[in-house]
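Below is data.tsv, which holds TSV, C-alpha atoms.
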```tsv
chain	number	residue	atom	x	y	z
A	1	MET	CA	109.67	125.98	112.57
A	2	LYS	CA	113.32	126.20	113.48
A	3	ALA	CA	115.86	123.44	114.13
A	4	PRO	CA	117.54	123.21	117.54
A	5	ALA	CA	121.18	124.20	117.91
A	6	PHE	CA	123.71	121.48	117.03
A	7	SER	CA	127.35	121.04	116.12
A	8	TYR	CA	128.23	120.17	112.53
A	9	ALA	CA	130.94	117.97	111.01
A	10	ARG	CA	131.72	117.21	107.36
A	11	PRO	CA	134.32	114.42	107.32
A	12	ARG	CA	136.05	113.28	104.13
A	13	GLN	CA	136.78	109.67	105.08
A	14	LEU	CA	134.52	106.88	106.30
A	15	ALA	CA	136.93	106.21	109.16
A	16	GLU	CA	136.32	109.75	110.44
A	17	VAL	CA	132.55	109.22	110.31
A	18	LEU	CA	132.81	105.98	112.28
A	19	ALA	CA	135.06	107.58	114.89
A	20	LEU	CA	132.57	110.43	115.39
A	21	LEU	CA	129.69	107.95	115.66
A	22	ASP	CA	131.58	105.89	118.21
A	23	ARG	CA	132.30	108.99	120.28
A	24	HIS	CA	128.83	110.58	120.16
A	25	ARG	CA	126.51	107.58	119.56
A	26	ASP	CA	122.87	108.55	120.26
A	27	GLU	CA	123.79	112.23	120.32
A	28	ALA	CA	124.79	112.14	116.62
A	29	ARG	CA	122.71	112.02	113.43
A	30	LEU	CA	123.92	111.20	109.93
A	31	LEU	CA	122.96	113.56	107.10
A	32	ALA	CA	122.80	111.84	103.70
A	33	GLY	CA	119.98	113.19	101.50
A	34	GLY	CA	118.28	114.89	104.44
A	35	GLN	CA	114.76	114.55	103.07
A	36	THR	CA	113.46	113.11	106.35
A	37	LEU	CA	116.08	114.28	108.84
A	38	LEU	CA	115.80	118.00	108.06
A	39	ALA	CA	112.03	117.90	108.51
A	40	THR	CA	112.34	116.13	111.87
A	41	LEU	CA	114.95	118.69	112.97
A	42	ASN	CA	112.71	121.61	112.07
A	43	MET	CA	109.77	120.04	113.90
A	44	ARG	CA	111.99	119.33	116.93
A	45	LEU	CA	111.29	115.61	116.64
A	46	SER	CA	115.05	115.08	116.57
A	47	GLU	CA	117.49	117.12	118.66
A	48	PRO	CA	121.02	115.80	118.06
A	49	ALA	CA	124.12	117.36	119.57
A	50	LEU	CA	126.06	116.65	116.36
A	51	LEU	CA	125.09	116.46	112.69
A	52	ILE	CA	127.53	114.42	110.55
A	53	ASP	CA	127.28	115.38	106.86
A	54	LEU	CA	128.16	112.45	104.56
A	55	GLN	CA	128.32	114.44	101.31
A	56	GLY	CA	132.10	114.58	101.34
A	57	VAL	CA	132.65	110.81	101.77
A	58	THR	CA	133.16	109.63	98.19
A	59	GLU	CA	133.61	105.97	99.15
A	60	LEU	CA	129.90	105.82	100.04
A	61	ARG	CA	128.81	106.70	96.50
A	62	GLY	CA	127.98	104.56	93.50
A	63	LEU	CA	126.29	101.39	92.31
A	64	GLN	CA	128.58	98.37	91.99
A	65	LEU	CA	127.64	95.25	90.05
A	66	SER	CA	129.27	91.89	90.81
A	67	SER	CA	128.47	88.41	89.54
A	68	THR	CA	125.89	87.87	92.30
A	69	VAL	CA	124.72	91.19	93.79
A	70	LEU	CA	124.07	94.84	93.14
A	71	ARG	CA	125.76	96.90	95.84
A	72	ILE	CA	124.05	100.22	96.54
A	73	GLY	CA	126.31	102.70	98.33
A	74	ALA	CA	124.97	104.75	101.22
A	75	MET	CA	124.88	107.96	99.16
A	76	VAL	CA	123.11	106.56	96.07
A	77	THR	CA	119.95	108.57	95.45
A	78	HIS	CA	116.51	107.38	94.42
A	79	SER	CA	117.00	109.09	91.04
A	80	GLU	CA	120.25	107.24	90.39
A	81	ILE	CA	118.43	103.96	90.89
A	82	GLU	CA	115.52	105.11	88.74
A	83	ALA	CA	117.86	106.09	85.86
A	84	SER	CA	120.19	103.08	86.00
A	85	ALA	CA	120.02	100.62	83.09
A	86	GLU	CA	121.86	98.05	85.25
A	87	VAL	CA	119.21	98.33	87.97
A	88	ALA	CA	116.43	97.90	85.40
A	89	ARG	CA	118.10	94.79	84.00
A	90	HIS	CA	119.39	93.06	87.13
A	91	THR	CA	117.04	94.24	89.92
A	92	PRO	CA	113.89	95.29	88.03
A	93	LEU	CA	111.72	95.49	91.16
A	94	LEU	CA	113.68	98.56	92.20
A	95	ALA	CA	113.10	100.16	88.81
A	96	MET	CA	109.35	99.48	89.16
A	97	ALA	CA	109.17	101.00	92.64
A	98	ALA	CA	111.33	104.10	92.13
A	99	PRO	CA	108.76	106.28	90.29
A	100	HIS	CA	106.33	105.84	93.21
A	101	ILE	CA	108.70	107.56	95.64
A	102	ALA	CA	107.51	111.07	96.45
A	103	HIS	CA	108.39	113.62	93.75
A	104	ARG	CA	111.37	114.31	91.49
A	105	ALA	CA	112.95	116.92	93.77
A	106	ILE	CA	112.94	114.47	96.68
A	107	ARG	CA	114.18	111.57	94.55
A	108	ASN	CA	117.10	113.73	93.40
A	109	LEU	CA	118.35	114.16	96.97
A	110	GLY	CA	116.98	111.30	99.09
A	111	THR	CA	119.04	108.12	99.36
A	112	PHE	CA	118.19	104.42	99.19
A	113	CYS	CA	120.13	103.54	102.34
A	114	GLY	CA	118.69	106.52	104.20
A	115	SER	CA	115.21	105.16	103.52
A	116	ILE	CA	116.30	101.71	104.68
A	117	ALA	CA	117.79	103.13	107.90
A	118	TYR	CA	114.72	105.25	108.71
A	119	GLY	CA	112.41	102.27	108.17
A	120	ASP	CA	109.18	104.11	107.45
A	121	PRO	CA	106.51	101.36	107.22
A	122	ALA	CA	104.87	103.16	104.28
A	123	ALA	CA	108.11	103.60	102.29
A	124	GLU	CA	108.90	101.60	99.15
A	125	TRP	CA	112.54	100.59	99.59
A	126	PRO	CA	112.27	98.64	102.87
A	127	ALA	CA	109.54	96.43	101.34
A	128	CYS	CA	111.63	95.92	98.20
A	129	LEU	CA	114.64	94.94	100.29
A	130	LEU	CA	112.49	92.33	102.06
A	131	ALA	CA	110.99	90.98	98.84
A	132	LEU	CA	114.42	90.53	97.26
A	133	ASP	CA	116.13	89.01	100.33
A	134	GLY	CA	118.55	91.92	100.44
A	135	VAL	CA	121.32	92.46	102.96
A	136	VAL	CA	122.17	95.58	104.97
A	137	VAL	CA	125.91	96.17	105.30
A	138	ALA	CA	126.59	98.02	108.55
A	139	ARG	CA	129.94	99.24	109.83
A	140	SER	CA	131.39	100.60	113.05
A	141	VAL	CA	134.91	101.07	114.40
A	142	ALA	CA	134.71	97.42	115.48
A	143	GLY	CA	134.22	96.19	111.92
A	144	GLU	CA	131.51	95.19	109.45
A	145	ARG	CA	128.22	93.43	110.13
A	146	ARG	CA	125.87	91.98	107.51
A	147	ILE	CA	122.17	91.90	108.43
A	148	ALA	CA	119.53	90.06	106.41
A	149	ALA	CA	116.57	92.26	105.53
A	150	LYS	CA	114.18	89.89	107.35
A	151	ASP	CA	116.10	90.50	110.59
A	152	PHE	CA	116.66	94.24	110.23
A	153	TYR	CA	113.32	95.77	111.29
A	154	THR	CA	112.03	95.31	114.82
A	155	GLY	CA	109.23	97.88	115.18
A	156	LEU	CA	108.06	101.38	114.27
A	157	TYR	CA	111.13	103.23	112.91
A	158	THR	CA	113.25	100.72	114.80
A	159	THR	CA	116.05	98.56	113.45
A	160	THR	CA	118.85	96.35	114.72
A	161	LEU	CA	121.47	99.02	113.97
A	162	GLN	CA	123.61	99.86	117.00
A	163	PRO	CA	124.14	103.52	118.04
A	164	ASN	CA	127.74	103.47	116.77
A	165	GLU	CA	126.90	101.74	113.46
A	166	MET	CA	125.91	103.13	110.09
A	167	ILE	CA	124.70	101.57	106.84
A	168	VAL	CA	127.50	101.79	104.31
A	169	ALA	CA	125.67	99.83	101.59
A	170	CYS	CA	122.85	97.46	100.79
A	171	GLU	CA	123.28	94.39	98.61
A	172	ILE	CA	120.53	93.03	96.38
A	173	PRO	CA	120.83	89.59	94.75
A	174	LEU	CA	120.71	89.77	90.97
A	175	ALA	CA	117.58	88.49	89.29
A	176	ASN	CA	117.97	84.87	88.24
A	177	ALA	CA	116.48	82.94	85.36
A	178	GLY	CA	112.78	82.38	85.98
A	179	GLN	CA	112.40	85.14	88.56
A	180	ARG	CA	109.52	87.54	88.14
A	181	VAL	CA	108.66	90.63	90.15
A	182	ALA	CA	105.71	92.97	90.66
A	183	PHE	CA	105.20	96.23	92.51
A	184	ASP	CA	101.95	98.03	93.20
A	185	GLU	CA	100.78	100.65	95.67
A	186	LEU	CA	97.75	102.79	96.31
A	187	SER	CA	98.15	106.38	97.47
A	188	ARG	CA	95.65	109.21	97.72
A	189	ARG	CA	97.73	111.27	95.28
A	190	HIS	CA	100.85	110.40	93.31
A	191	GLY	CA	103.83	111.07	95.55
A	192	ASP	CA	101.95	110.60	98.83
A	193	TYR	CA	102.89	107.82	101.19
A	194	ALA	CA	101.24	104.54	100.28
A	195	VAL	CA	97.95	103.58	101.86
A	196	VAL	CA	98.85	99.97	101.02
A	197	GLY	CA	101.59	98.63	98.80
A	198	LEU	CA	103.10	95.29	97.80
A	199	ALA	CA	106.54	94.30	96.55
A	200	ALA	CA	106.42	90.74	95.22
A	201	SER	CA	108.95	88.31	93.81
A	202	ALA	CA	108.65	84.68	92.73
A	203	ARG	CA	110.15	82.09	90.45
A	204	VAL	CA	107.57	80.89	87.94
A	205	GLN	CA	108.06	77.84	85.76
A	206	ASP	CA	105.14	76.73	83.60
A	207	GLY	CA	102.74	78.24	86.11
A	208	LEU	CA	104.44	76.65	89.15
A	209	LEU	CA	105.29	79.16	91.88
A	210	SER	CA	108.37	78.93	94.07
A	211	GLN	CA	110.64	81.23	96.10
A	212	VAL	CA	107.60	83.45	96.72
A	213	ARG	CA	108.20	86.70	98.59
A	214	LEU	CA	105.37	89.10	99.50
A	215	ALA	CA	106.48	92.27	101.31
A	216	TRP	CA	103.94	94.86	102.39
A	217	LEU	CA	104.14	98.59	102.99
A	218	GLY	CA	101.59	100.82	104.66
A	219	THR	CA	99.92	97.98	106.53
A	220	GLY	CA	101.52	97.99	109.98
A	221	SER	CA	104.20	99.47	112.21
A	222	MET	CA	107.01	98.16	110.00
A	223	PRO	CA	107.50	96.57	106.58
A	224	GLN	CA	106.33	92.98	106.83
A	225	ARG	CA	106.46	89.73	104.92
A	226	ALA	CA	103.29	87.66	104.54
A	227	GLN	CA	104.94	84.31	105.15
A	228	ALA	CA	101.76	82.26	105.60
A	229	ALA	CA	100.45	83.54	102.27
A	230	GLU	CA	103.84	82.79	100.72
A	231	GLN	CA	103.66	79.22	101.99
A	232	ALA	CA	100.14	78.84	100.60
A	233	LEU	CA	101.55	79.66	97.16
A	234	GLU	CA	104.90	77.88	97.40
A	235	GLY	CA	105.13	74.87	95.09
A	236	GLN	CA	101.61	75.41	93.74
A	237	PHE	CA	100.34	75.94	90.23
A	238	PHE	CA	98.64	79.30	89.86
A	239	SER	CA	94.86	78.96	89.98
A	240	GLU	CA	91.81	80.65	91.47
A	241	ALA	CA	91.68	78.04	94.22
A	242	VAL	CA	95.31	78.61	95.20
A	243	THR	CA	94.75	82.38	95.14
A	244	ALA	CA	91.78	81.94	97.47
A	245	LEU	CA	93.91	79.97	99.95
A	246	ALA	CA	96.61	82.65	99.84
A	247	LEU	CA	94.01	85.36	100.52
A	248	GLN	CA	92.69	83.44	103.52
A	249	ALA	CA	96.20	83.11	104.90
A	250	LEU	CA	96.85	86.79	104.28
A	251	ARG	CA	93.75	87.86	106.20
A	252	ARG	CA	94.76	85.71	109.17
A	253	GLU	CA	98.38	86.83	109.41
A	254	LEU	CA	98.73	90.41	108.19
A	255	GLN	CA	98.84	92.77	111.15
A	256	ILE	CA	96.88	95.68	109.71
A	257	GLU	CA	96.86	99.11	111.37
A	258	GLY	CA	94.49	101.87	110.30
A	259	ASP	CA	95.49	105.47	109.66
A	260	LEU	CA	93.77	108.86	109.47
A	261	THR	CA	91.96	108.03	106.23
A	262	HIS	CA	91.60	104.23	106.09
A	263	SER	CA	90.36	101.68	108.62
A	264	PRO	CA	92.08	98.32	109.14
A	265	ALA	CA	89.17	96.64	107.32
A	266	ALA	CA	89.58	98.93	104.31
A	267	LYS	CA	93.32	98.26	104.19
A	268	GLN	CA	92.72	94.52	104.53
A	269	HIS	CA	90.43	94.64	101.50
A	270	LEU	CA	92.98	96.65	99.50
A	271	ALA	CA	95.75	94.21	100.44
A	272	GLY	CA	93.67	91.35	99.05
A	273	VAL	CA	93.09	93.23	95.80
A	274	MET	CA	96.81	93.91	95.48
A	275	LEU	CA	97.71	90.29	96.12
A	276	LYS	CA	95.41	89.15	93.31
A	277	ARG	CA	96.85	91.77	90.98
A	278	ALA	CA	100.41	90.78	91.85
A	279	LEU	CA	99.78	87.07	91.27
A	280	HIS	CA	98.25	87.83	87.90
A	281	ALA	CA	101.24	90.01	86.98
A	282	LEU	CA	103.78	87.40	88.16
A	283	THR	CA	102.19	84.58	86.17
A	284	GLN	CA	101.55	86.59	83.01
A	285	GLN	CA	104.83	88.45	82.51
A	286	SER	CA	107.80	87.13	80.60
A	287	THR	CA	110.57	85.34	82.45
A	288	LEU	CA	113.55	87.51	83.29
A	289	GLN	CA	116.81	86.76	81.56
A	290	ALA	CA	119.74	85.82	83.74
```
Whole structure given in structure tokens:
Amino acid sequence: MKAPAFSYARPRQLAEVLALLDRHRDEARLLAGGQTLLATLNMRLSEPALLIDLQGVTELRGLQLSSTVLRIGAMVTHSEIEASAEVARHTPLLAMAAPHIAHRAIRNLGTFCGSIAYGDPAAEWPACLLALDGVVVARSVAGERRIAAKDFYTGLYTTTLQPNEMIVACEIPLANAGQRVAFDELSRRHGDYAVVGLAASARVQDGLLSQVRLAWLGTGSMPQRAQAAEQALEGQFFSEAVTALALQALRRELQIEGDLTHSPAAKQHLAGVMLKRALHALTQQSTLQA
């Protein structure tokens, strides 16, 4: 397979990137880690007129910790997140999910924000962003726009990003006292895309659940929250009866799509198993320290 012909630019400043995007819009593609883009180029699934390489833009690099959020720059790789002690302490769900992403070679090059922008429904980071109420920070020549994770995805590989916008960072709220998280996924082999996966977050106080977030991967055309199941758990003490109500709500609301190896019914069953596992993990683990 051979990529189509395209022009190439390697700007040094973010302002140059934004100017190129504004000029070329749908005819341009951004190259960050390239772990998805290069494959789609070689398969002729993407045929841009211009490829904009972000490797030279140093202002897009790095993890930044403030008093309230972890800011993940557009060029931060999966491996950087996996290796970060600050991530493990302040946003532990990301540390749990990182080892599930593909293989080491891909994690060394692929980027967090690239995964968010691509929006693969079976990818780990979009579900984590949803579960943690993260924010996408987008920028264009017109200025900056902040998009809540719950409003970012609109369909299969489709987001609310405009053609002249790019993600410059994502912001994840720091874990607060009482918050607990869980991540689980099933794949045919380690490193494969998830058949079904769940990123979960909740505040647990003496068995009482609140601020419940259940974000699914591998179940539909985009990462999705199970809000009816969340409501069934919200303000409830963990019990078998409450779990049963949450499972009923999950079966009614989750829009399951089958794939080449698993039917919707099989995925629905696996989602229920993962929900029970996640609730057990959330209510058994120690409370995070603020």
ask   = Contacts of region 118-135 of chain A at 6 Å or less, counting only C-alpha atoms, minus same-chain residues fewer than 4 places along, as a list in words?
value = Ile147, Ala148, Ala149, Tyr157, Cys170, Glu171, Ile172, Tyr193, Ala194, Ala199, Ala200, Arg213, Leu214, Ala215, Trp216, Leu217, Gly218, Ser221, Met222 and Pro223 of chain A
key: Distance in Å - CA of Gly178 (chain A) versus CA of Arg251 (chain A)   = 28.3 Å
task = Can you work out which one of A:Pro11, A:Pro4, A:Gly207, A:Gly33 has the shortest atom-to-atom distance to Phe112 (chain A), counting all atoms listed in the file?
result =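 Under the stated criterion, the closest residue is A:Gly33.
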query = In Å, with one decimal, what is the gap from CA of Val141 (chain A) to CA of Met166 (chain A)?
reply = 10.2 Å
request  = Measure the distance from CA of Thr158 (chain A) to CA of Leu37 (chain A) in Å and round it to one decimal.
outcome  = 15.1 Å
task = Tell me, as JSON, numbers by chain, which residues lie within 12 Å of Thr243 (chain A), counting only C-alpha atoms; anything in the same chain fewer than 6 positions away does not count.
result = {"A": [209, 229, 230, 231, 232, 233, 234, 236, 237, 249, 250, 272, 273, 274, 275, 276, 277, 278, 279, 280, 283]}
Write a file of the selected residues as a PDB file, in the frame of the given file, keeping C-alpha atoms.
```pdb
ATOM      1  CA  LEU A 209     105.290  79.160  91.880  1.00  0.00           C
ATOM      2  CA  ALA A 229     100.450  83.540 102.270  1.00  0.00           C
ATOM      3  CA  GLU A 230     103.840  82.790 100.720  1.00  0.00           C
ATOM      4  CA  GLN A 231     103.660  79.220 101.990  1.00  0.00           C
ATOM      5  CA  ALA A 232     100.140  78.840 100.600  1.00  0.00           C
ATOM      6  CA  LEU A 233     101.550  79.660  97.160  1.00  0.00           C
ATOM      7  CA  GLU A 234     104.900  77.880  97.400  1.00  0.00           C
ATOM      8  CA  GLN A 236     101.610  75.410  93.740  1.00  0.00           C
ATOM      9  CA  PHE A 237     100.340  75.940  90.230  1.00  0.00           C
ATOM     10  CA  ALA A 249      96.200  83.110 104.900  1.00  0.00           C
ATOM     11  CA  LEU A 250      96.850  86.790 104.280  1.00  0.00           C
ATOM     12  CA  GLY A 272      93.670  91.350  99.050  1.00  0.00           C
ATOM     13  CA  VAL A 273      93.090  93.230  95.800  1.00  0.00           C
ATOM     14  CA  MET A 274      96.810  93.910  95.480  1.00  0.00           C
ATOM     15  CA  LEU A 275      97.710  90.290  96.120  1.00  0.00           C
ATOM     16  CA  LYS A 276      95.410  89.150  93.310  1.00  0.00           C
ATOM     17  CA  ARG A 277      96.850  91.770  90.980  1.00  0.00           C
ATOM     18  CA  ALA A 278     100.410  90.780  91.850  1.00  0.00           C
ATOM     19  CA  LEU A 279      99.780  87.070  91.270  1.00  0.00           C
ATOM     20  CA  HIS A 280      98.250  87.830  87.900  1.00  0.00           C
ATOM     21  CA  THR A 283     102.190  84.580  86.170  1.00  0.00           C
TER      22      THR A 283
END
```
Write out as a tab-separated table (two decimals) with C-alpha atoms, in the coordinates of the input the residues lying within 10 Å of Gly258 (chain A), counting all atoms listed in the file and excluding same-chain residues fewer than 5 positions away.
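Okay, this is what ended up in out-v1.tsv:
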```
chain	number	residue	atom	x	y	z
A	195	VAL	CA	97.95	103.58	101.86
A	218	GLY	CA	101.59	100.82	104.66
A	219	THR	CA	99.92	97.98	106.53
A	220	GLY	CA	101.52	97.99	109.98
A	263	SER	CA	90.36	101.68	108.62
A	264	PRO	CA	92.08	98.32	109.14
A	265	ALA	CA	89.17	96.64	107.32
A	266	ALA	CA	89.58	98.93	104.31
A	267	LYS	CA	93.32	98.26	104.19
A	268	GLN	CA	92.72	94.52	104.53
```
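In terms of minimum interatomic distance to Gln205 (chain A), A:Arg180 ranks closest within A:Arg180, A:Arg139, A:Arg145, A:His262, counting all atoms listed in the file.
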ask   = Looking at A:Ser46, A:Gln13, A:Gln35, A:Thr40, which one is nearest to Thr58 (chain A), with distances taken over all atoms listed in the file?
value = A:Gln13
